[in-house]
Amino acid sequence: MTRAISLLGSTGSIGRQTLDVCAELGIRVEALTANSNIELLEQQTRQFMPRLVVLYEETAAQRFQERISDLNIPVLHGIDGLIAAASMEESDTVVTAVVGMIGLRPTLAAIEKGKRIALANKETLVCAGELVMGSARQYGAEIIPVDSEHSAIFQCLQGCNSSDEVKRLILTCSGGPFFGLKKDEVDKKTKADALRHPNWKMGEKITIDCATLMNKGLEFIEAMRLFDVPADQISVVIHRQSIIHSMVEYRDGSVIAQMGTPDMRLPIRYALTYPARAHSPLPPLDLLSCPPLTFHEPDTTVFPALRLAMECARIGGTSCAVLNGANEEAVGLFLRNEIEFGQIPELVSGALDAIEVKYNAQLSDILEADRCARLYVREAH
């Protein structure tokens with residue numbers, strides 16, 4: 001079981017819930033990092049008294065250092081600060097709850113220290129899955145998924161004797177707020193519409209990704225890398241109730257599913273306590289009060305982002321980094337009301353058409369693909 005963590009992204013939804021779990025289980029918090037939310041970060045710092053605090057923005061870090069001058073806790077900033085937090089000797093586990101490509105280099109730094117990675121930053125494996133998983137094997141680092149779907153698959157595989165026994169991984173998807181609508185209806189939806197997720201309370205970026213179904217596409221790629229399964233052995237099914245978090249189909253026809261209430265503290269707790277299971281104060285799933293469980297095929301005509309991601313999973317190379325970088329940039333534009341909802345997948349598709357794919361990519365190739373994708377979207381919109 002985890003004794004002490006460095007938490008990258010403590011003020012986001014996953015970060016806040018991770019601290020809830022740490023408080024419940026008595027897990028020491030050695031480092032906290034955030035982007036710029038100094039008010040919430042100060043509350044967290046005074047409660048958990050970490051050895052190190054990092055704010056990505058330099059001016060925010062300077063202001064924060066003044067606010068906690070009575071605590072004698074060092075405050076760093078930027079990517080070097082994140083890497084320092086991820087590399088701390090005092091932490092045996094690094095929870096990567098930052099959003100976007102910013103999590104890649106700190107995750108690699110933690111892997112090189114042989115730490116357990118409680119991975120909630122899907123972009124790390126989407127953009128650099130082969131590099132990250134190869135590094136984890138080299139340094140003996142554990143990567144335990146925090147995403148509810150990948151945690152579910154991870155749990156369903158615990159009794160698996162050999163990868164040859166696995167026929168298919170089945171990722172469930174809520175369908176987001178626009179399930180059942182036609183494409184012309186979806187394309188005109190507003191920011192307020194897209195942020196109304198039916199089942200989960202999350203940050204803005206991931207909530208928009210759920211509305212486009214890009215989030216499921218990114219999870220498709222992540223599952224392929226994390227579990228070393230080819231794209232043809234992964235499928236997606238719409239499950240509106242978010243009770244079954246994902247499934248594994250075995251070659252004998254058996255399907256094992258992991259079920260639970262839609263609460264991210266469940267997979268966070270398991271990632272921190274694996275291979276043990278700690279008592280949870282959360283109310284258990286009540287099967288007698290569950291709604292009927294339904295399943296549908298995703299419509300990739302209405303939601304082309306999912307199709308684009310599945311295509312990139314098969315293409316490989318730096319295409320996944322282009323997909324992710326273009327999507328991050330396009331979602332940012334949408335959240336700033338600079339483009340319409342339907343333009344998000346259009347801009348991603350354009351970037352994929354415009355940018356050459358490189359194979360056997362090194363870190364520099366991945367970062368360059370990400371840069372080019374973002375530049376394309378900024379110039380094309």
# chains A, B, ... in the order shown; residues from 1 in each chain; ligands from 1

$ residues_around --residues "Leu41 (chain A)" --least-positions-apart "4" --cutoff "8 Å" --atoms "only C-alpha atoms" --output "VMD selection string"
chain A and resid 10 to 11 32 34 37 45

$ closest_atom_pairs --of "region 220-267 of chain A" --to "region 141-151 of chain A" --cutoff "6 Å" --atoms "only C-alpha atoms" --output "Markdown table"
| residue | atom | partner | partner_atom | distance |
| --- | --- | --- | --- | --- |
| A:His245 | CA | A:Glu149 | CA | 5.1 |
| A:Ser246 | CA | A:Glu149 | CA | 5.2 |
| A:Pro267 | CA | A:Val146 | CA | 5.4 |

$ select_by_dssp --residues "region 60-123 of chain A" --states "strand (DSSP E or B)" --output "list in words"
Val75, Leu76, His77, Thr93, Val94, Val95, Thr96, Arg116, Ile117, Ala118 and Leu119 of chain A

$ residues_around --residues "region 71-83 of chain A" --least-positions-apart "6" --cutoff "8 Å" --atoms "only C-alpha atoms" --output "PyMOL selection string"
chain A and resi 8+33+50-58+61-62+64-65+102+105-107+109-110

$ residues_around --residues "Arg269 (chain A)" --least-positions-apart "3" --cutoff "9 Å" --atoms "only C-alpha atoms" --output "list in words"
Thr18, Val21, Cys22, Leu25, Val146, Met264, Arg265, Leu266, Leu272, Thr273, Tyr274, Arg277, Ala278 and Ser280 of chain A

$ write_last_selection --atoms "N, CA and C atoms" --output "short mmCIF file (atom, residue, chain, number, x, y, z; two decimals), in the first residue's frame"
data_model
loop_
_atom_site.label_atom_id
_atom_site.label_comp_id
_atom_site.auth_asym_id
_atom_site.auth_seq_id
_atom_site.Cartn_x
_atom_site.Cartn_y
_atom_site.Cartn_z
N THR A 18 -8.39 12.82 -4.57
CA THR A 18 -7.22 12.08 -4.07
C THR A 18 -6.89 12.49 -2.65
N VAL A 21 -9.16 10.83 -0.21
CA VAL A 21 -8.78 9.44 0.03
C VAL A 21 -7.55 9.38 0.94
N CYS A 22 -6.58 10.25 0.71
CA CYS A 22 -5.38 10.28 1.56
C CYS A 22 -5.74 10.58 3.01
N LEU A 25 -7.28 7.43 4.54
CA LEU A 25 -6.38 6.29 4.72
C LEU A 25 -5.10 6.64 5.48
N VAL A 146 -5.97 5.20 -12.93
CA VAL A 146 -6.97 5.85 -12.08
C VAL A 146 -8.26 6.10 -12.84
N MET A 264 -15.22 8.83 -8.46
CA MET A 264 -13.82 8.63 -8.79
C MET A 264 -12.96 8.25 -7.59
N ARG A 265 -13.49 8.42 -6.38
CA ARG A 265 -12.70 8.01 -5.22
C ARG A 265 -12.52 6.49 -5.15
N LEU A 266 -13.38 5.74 -5.83
CA LEU A 266 -13.23 4.28 -5.85
C LEU A 266 -11.97 3.86 -6.61
N LEU A 272 -4.13 3.48 -5.00
CA LEU A 272 -3.24 3.75 -3.87
C LEU A 272 -3.05 2.55 -2.96
N THR A 273 -4.01 1.64 -2.92
CA THR A 273 -3.93 0.51 -1.99
C THR A 273 -3.57 -0.81 -2.66
N TYR A 274 -3.62 -0.88 -3.99
CA TYR A 274 -3.34 -2.12 -4.71
C TYR A 274 -2.03 -2.76 -4.23
N ARG A 277 -7.31 -3.98 -0.76
CA ARG A 277 -8.49 -3.13 -0.88
C ARG A 277 -8.81 -2.57 0.50
N ALA A 278 -8.86 -1.25 0.58
CA ALA A 278 -9.15 -0.59 1.85
C ALA A 278 -10.65 -0.37 2.01
N SER A 280 -14.04 1.48 2.39
CA SER A 280 -14.50 2.74 1.84
C SER A 280 -15.70 3.25 2.63
#

$ atom_distance --atom1 "CA of Gly342 (chain A)" --atom2 "CA of Ala192 (chain A)"
14.5 Å

$ residues_around --residues "Ile256 (chain A)" --least-positions-apart "2" --cutoff "10 Å" --atoms "only C-alpha atoms" --output "PyMOL selection string"
chain A and resi 152-153+155-157+169-170+246-250+253-254+258-259

$ atom_distance --atom1 "CA of Pro230 (chain A)" --atom2 "CA of Gln362 (chain A)"
21.2 Å

$ closest_residue --among "A:Ala211, A:Asn35, A:Thr59, A:Gly134" --to "Asp187 (chain A)" --atoms "only C-alpha atoms"
A:Ala211

$ select_by_dssp --residues "region 50-207 of chain A" --states "alpha helix (DSSP H)" --output "ChimeraX atom specification"
/A:58-67,78-86,104-112,122-139,148-156,183-187,191-194,204-207

$ closest_atom_pairs --of "region 159-235 of chain A" --to "region 113-130 of chain A" --cutoff "8 Å" --atoms "only C-alpha atoms" --output "Markdown table"
| residue | atom | partner | partner_atom | distance |
| --- | --- | --- | --- | --- |
| A:Leu218 | CA | A:Val126 | CA | 6.3 |
| A:Glu219 | CA | A:Lys122 | CA | 7.0 |
| A:Ile221 | CA | A:Val126 | CA | 5.7 |
| A:Glu222 | CA | A:Val126 | CA | 5.3 |
| A:Arg225 | CA | A:Gly129 | CA | 5.4 |
| A:Leu226 | CA | A:Leu125 | CA | 7.4 |

$ write_last_selection --atoms "C-alpha atoms" --output "tab-separated table (two decimals), in the first residue's frame"
chain	number	residue	atom	x	y	z
A	218	LEU	CA	-8.19	8.88	-25.91
A	219	GLU	CA	-9.09	6.09	-23.50
A	221	ILE	CA	-5.54	4.55	-27.24
A	222	GLU	CA	-4.57	4.51	-23.57
A	225	ARG	CA	-0.83	0.96	-24.58
A	226	LEU	CA	-1.52	0.21	-20.94

$ residues_around --residues "Gly180 (chain A)" --least-positions-apart "4" --cutoff "10 Å" --atoms "only C-alpha atoms" --output "number ranges by chain"
A: 175-176, 186, 298-299, 302

$ residues_around --residues "Leu306 (chain A)" --least-positions-apart "5" --cutoff "7 Å" --atoms "only C-alpha atoms" --output "list of chain:residue names"
A:Leu213, A:Met214, A:Lys216, A:Gly217, A:Thr300

$ write_last_selection --atoms "all heavy atoms" --output "tab-separated table (two decimals), in the first residue's frame"
chain	number	residue	atom	x	y	z
A	213	LEU	N	-17.02	12.86	-27.36
A	213	LEU	CA	-16.57	11.45	-27.29
A	213	LEU	C	-15.07	11.31	-27.55
A	213	LEU	O	-14.57	10.19	-27.66
A	213	LEU	CB	-17.37	10.53	-28.21
A	213	LEU	CG	-18.87	10.37	-27.95
A	213	LEU	CD1	-19.40	9.10	-28.61
A	213	LEU	CD2	-19.23	10.39	-26.48
A	214	MET	N	-14.35	12.43	-27.66
A	214	MET	CA	-12.90	12.33	-27.77
A	214	MET	C	-12.30	11.67	-26.54
A	214	MET	O	-11.31	10.93	-26.63
A	214	MET	CB	-12.28	13.71	-27.99
A	214	MET	CG	-10.75	13.72	-28.07
A	214	MET	SD	-10.09	12.74	-29.45
A	214	MET	CE	-10.18	13.96	-30.77
A	216	LYS	N	-13.38	9.22	-24.89
A	216	LYS	CA	-13.39	7.77	-25.07
A	216	LYS	C	-12.37	7.35	-26.10
A	216	LYS	O	-11.76	6.27	-25.99
A	216	LYS	CB	-14.79	7.30	-25.46
A	216	LYS	CG	-15.05	5.84	-25.18
A	216	LYS	CD	-14.80	5.44	-23.74
A	216	LYS	CE	-15.46	6.36	-22.72
A	216	LYS	NZ	-15.20	5.97	-21.33
A	217	GLY	N	-12.16	8.18	-27.11
A	217	GLY	CA	-11.13	7.88	-28.08
A	217	GLY	C	-9.74	7.87	-27.47
A	217	GLY	O	-8.91	7.00	-27.75
A	300	THR	N	-20.33	7.17	-34.70
A	300	THR	CA	-19.12	7.94	-35.04
A	300	THR	C	-19.36	8.91	-36.19
A	300	THR	O	-18.44	9.66	-36.56
A	300	THR	CB	-17.96	6.99	-35.39
A	300	THR	OG1	-18.37	6.10	-36.45
A	300	THR	CG2	-17.56	6.17	-34.18

$ decode --residues "region 99-147 of chain A" --atoms "N, CA and C atoms" --output "mmCIF file, in the first residue's frame"
data_model
loop_
_atom_site.group_PDB
_atom_site.id
_atom_site.type_symbol
_atom_site.label_atom_id
_atom_site.label_comp_id
_atom_site.auth_asym_id
_atom_site.auth_seq_id
_atom_site.Cartn_x
_atom_site.Cartn_y
_atom_site.Cartn_z
ATOM 1 N N VAL A 99 -3.787 17.892 -16.309
ATOM 2 C CA VAL A 99 -4.470 17.703 -17.590
ATOM 3 C C VAL A 99 -3.521 18.050 -18.724
ATOM 4 N N GLY A 100 -3.437 17.175 -19.718
ATOM 5 C CA GLY A 100 -2.716 17.493 -20.933
ATOM 6 C C GLY A 100 -1.284 16.982 -20.973
ATOM 7 N N MET A 101 -0.579 17.377 -22.033
ATOM 8 C CA MET A 101 0.791 16.933 -22.292
ATOM 9 C C MET A 101 1.769 17.356 -21.206
ATOM 10 N N ILE A 102 1.375 18.308 -20.383
ATOM 11 C CA ILE A 102 2.269 18.795 -19.335
ATOM 12 C C ILE A 102 2.668 17.678 -18.373
ATOM 13 N N GLY A 103 1.876 16.602 -18.328
ATOM 14 C CA GLY A 103 2.169 15.511 -17.406
ATOM 15 C C GLY A 103 3.215 14.534 -17.893
ATOM 16 N N LEU A 104 3.621 14.611 -19.155
ATOM 17 C CA LEU A 104 4.501 13.592 -19.725
ATOM 18 C C LEU A 104 5.882 13.569 -19.083
ATOM 19 N N ARG A 105 6.575 14.690 -19.076
ATOM 20 C CA ARG A 105 7.955 14.690 -18.564
ATOM 21 C C ARG A 105 8.028 14.396 -17.070
ATOM 22 N N PRO A 106 7.142 14.942 -16.227
ATOM 23 C CA PRO A 106 7.179 14.539 -14.813
ATOM 24 C C PRO A 106 6.892 13.055 -14.613
ATOM 25 N N THR A 107 5.995 12.483 -15.416
ATOM 26 C CA THR A 107 5.714 11.052 -15.291
ATOM 27 C C THR A 107 6.940 10.231 -15.650
ATOM 28 N N LEU A 108 7.623 10.604 -16.718
ATOM 29 C CA LEU A 108 8.850 9.894 -17.080
ATOM 30 C C LEU A 108 9.913 10.025 -15.988
ATOM 31 N N ALA A 109 9.992 11.188 -15.359
ATOM 32 C CA ALA A 109 10.954 11.382 -14.264
ATOM 33 C C ALA A 109 10.631 10.481 -13.081
ATOM 34 N N ALA A 110 9.354 10.344 -12.759
ATOM 35 C CA ALA A 110 8.945 9.465 -11.656
ATOM 36 C C ALA A 110 9.214 8.006 -11.988
ATOM 37 N N ILE A 111 8.978 7.635 -13.235
ATOM 38 C CA ILE A 111 9.250 6.262 -13.665
ATOM 39 C C ILE A 111 10.733 5.934 -13.500
ATOM 40 N N GLU A 112 11.597 6.880 -13.863
ATOM 41 C CA GLU A 112 13.040 6.647 -13.748
ATOM 42 C C GLU A 112 13.483 6.466 -12.300
ATOM 43 N N LYS A 113 12.649 6.930 -11.351
ATOM 44 C CA LYS A 113 12.915 6.708 -9.929
ATOM 45 C C LYS A 113 12.284 5.413 -9.429
ATOM 46 N N GLY A 114 11.629 4.668 -10.329
ATOM 47 C CA GLY A 114 11.032 3.392 -9.953
ATOM 48 C C GLY A 114 9.796 3.507 -9.095
ATOM 49 N N LYS A 115 9.086 4.624 -9.180
ATOM 50 C CA LYS A 115 7.921 4.843 -8.316
ATOM 51 C C LYS A 115 6.663 4.202 -8.901
ATOM 52 N N ARG A 116 5.659 4.018 -8.061
ATOM 53 C CA ARG A 116 4.331 3.665 -8.545
ATOM 54 C C ARG A 116 3.706 4.916 -9.148
ATOM 55 N N ILE A 117 3.125 4.773 -10.323
ATOM 56 C CA ILE A 117 2.431 5.869 -10.971
ATOM 57 C C ILE A 117 0.940 5.588 -10.906
ATOM 58 N N ALA A 118 0.206 6.399 -10.148
ATOM 59 C CA ALA A 118 -1.256 6.337 -10.159
ATOM 60 C C ALA A 118 -1.691 7.287 -11.259
ATOM 61 N N LEU A 119 -2.007 6.736 -12.431
ATOM 62 C CA LEU A 119 -2.104 7.523 -13.652
ATOM 63 C C LEU A 119 -3.522 7.986 -13.922
ATOM 64 N N ALA A 120 -3.729 9.302 -13.810
ATOM 65 C CA ALA A 120 -5.002 9.910 -14.205
ATOM 66 C C ALA A 120 -4.818 10.848 -15.389
ATOM 67 N N ASN A 121 -3.589 10.976 -15.868
ATOM 68 C CA ASN A 121 -3.266 11.848 -17.004
ATOM 69 C C ASN A 121 -3.180 10.986 -18.257
ATOM 70 N N LYS A 122 -4.305 10.833 -18.962
ATOM 71 C CA LYS A 122 -4.351 9.902 -20.086
ATOM 72 C C LYS A 122 -3.469 10.340 -21.244
ATOM 73 N N GLU A 123 -3.207 11.662 -21.364
ATOM 74 C CA GLU A 123 -2.417 12.153 -22.485
ATOM 75 C C GLU A 123 -1.004 11.574 -22.486
ATOM 76 N N THR A 124 -0.493 11.208 -21.305
ATOM 77 C CA THR A 124 0.842 10.625 -21.210
ATOM 78 C C THR A 124 0.954 9.363 -22.050
ATOM 79 N N LEU A 125 -0.032 8.482 -21.934
ATOM 80 C CA LEU A 125 0.010 7.243 -22.708
ATOM 81 C C LEU A 125 -0.511 7.425 -24.120
ATOM 82 N N VAL A 126 -1.404 8.377 -24.319
ATOM 83 C CA VAL A 126 -1.909 8.634 -25.668
ATOM 84 C C VAL A 126 -0.767 9.110 -26.570
ATOM 85 N N CYS A 127 0.008 10.055 -26.087
ATOM 86 C CA CYS A 127 1.036 10.678 -26.920
ATOM 87 C C CYS A 127 2.342 9.892 -26.954
ATOM 88 N N ALA A 128 2.654 9.215 -25.874
ATOM 89 C CA ALA A 128 3.975 8.578 -25.769
ATOM 90 C C ALA A 128 3.880 7.212 -25.112
ATOM 91 N N GLY A 129 2.836 6.461 -25.465
ATOM 92 C CA GLY A 129 2.586 5.190 -24.793
ATOM 93 C C GLY A 129 3.728 4.202 -24.895
ATOM 94 N N GLU A 130 4.299 4.032 -26.091
ATOM 95 C CA GLU A 130 5.385 3.067 -26.252
ATOM 96 C C GLU A 130 6.605 3.484 -25.434
ATOM 97 N N LEU A 131 6.902 4.777 -25.466
ATOM 98 C CA LEU A 131 8.040 5.300 -24.721
ATOM 99 C C LEU A 131 7.832 5.131 -23.219
ATOM 100 N N VAL A 132 6.657 5.477 -22.731
ATOM 101 C CA VAL A 132 6.369 5.413 -21.291
ATOM 102 C C VAL A 132 6.354 3.971 -20.790
ATOM 103 N N MET A 133 5.671 3.089 -21.496
ATOM 104 C CA MET A 133 5.592 1.702 -21.039
ATOM 105 C C MET A 133 6.958 1.012 -21.127
ATOM 106 N N GLY A 134 7.732 1.339 -22.159
ATOM 107 C CA GLY A 134 9.086 0.792 -22.238
ATOM 108 C C GLY A 134 9.954 1.262 -21.088
ATOM 109 N N SER A 135 9.832 2.537 -20.741
ATOM 110 C CA SER A 135 10.587 3.074 -19.608
ATOM 111 C C SER A 135 10.153 2.427 -18.298
ATOM 112 N N ALA A 136 8.858 2.186 -18.128
ATOM 113 C CA ALA A 136 8.357 1.540 -16.910
ATOM 114 C C ALA A 136 8.935 0.133 -16.766
ATOM 115 N N ARG A 137 9.019 -0.591 -17.864
ATOM 116 C CA ARG A 137 9.628 -1.932 -17.815
ATOM 117 C C ARG A 137 11.111 -1.839 -17.474
ATOM 118 N N GLN A 138 11.780 -0.855 -18.045
ATOM 119 C CA GLN A 138 13.224 -0.708 -17.815
ATOM 120 C C GLN A 138 13.545 -0.407 -16.356
ATOM 121 N N TYR A 139 12.739 0.471 -15.728
ATOM 122 C CA TYR A 139 13.041 0.918 -14.369
ATOM 123 C C TYR A 139 12.222 0.204 -13.296
ATOM 124 N N GLY A 140 11.364 -0.726 -13.698
ATOM 125 C CA GLY A 140 10.586 -1.480 -12.716
ATOM 126 C C GLY A 140 9.522 -0.653 -12.021
ATOM 127 N N ALA A 141 8.965 0.326 -12.730
ATOM 128 C CA ALA A 141 7.931 1.176 -12.138
ATOM 129 C C ALA A 141 6.550 0.587 -12.433
ATOM 130 N N GLU A 142 5.661 0.642 -11.436
ATOM 131 C CA GLU A 142 4.277 0.214 -11.619
ATOM 132 C C GLU A 142 3.448 1.367 -12.170
ATOM 133 N N ILE A 143 2.596 1.075 -13.130
ATOM 134 C CA ILE A 143 1.624 2.060 -13.599
ATOM 135 C C ILE A 143 0.240 1.498 -13.314
ATOM 136 N N ILE A 144 -0.461 2.140 -12.380
ATOM 137 C CA ILE A 144 -1.793 1.703 -11.959
ATOM 138 C C ILE A 144 -2.789 2.751 -12.446
ATOM 139 N N PRO A 145 -3.761 2.370 -13.264
ATOM 140 C CA PRO A 145 -4.681 3.370 -13.819
ATOM 141 C C PRO A 145 -5.661 3.909 -12.787
ATOM 142 N N VAL A 146 -5.970 5.196 -12.928
ATOM 143 C CA VAL A 146 -6.968 5.854 -12.083
ATOM 144 C C VAL A 146 -8.265 6.102 -12.844
ATOM 145 N N ASP A 147 -8.187 6.318 -14.164
ATOM 146 C CA ASP A 147 -9.423 6.433 -14.946
ATOM 147 C C ASP A 147 -10.350 5.273 -14.594
#
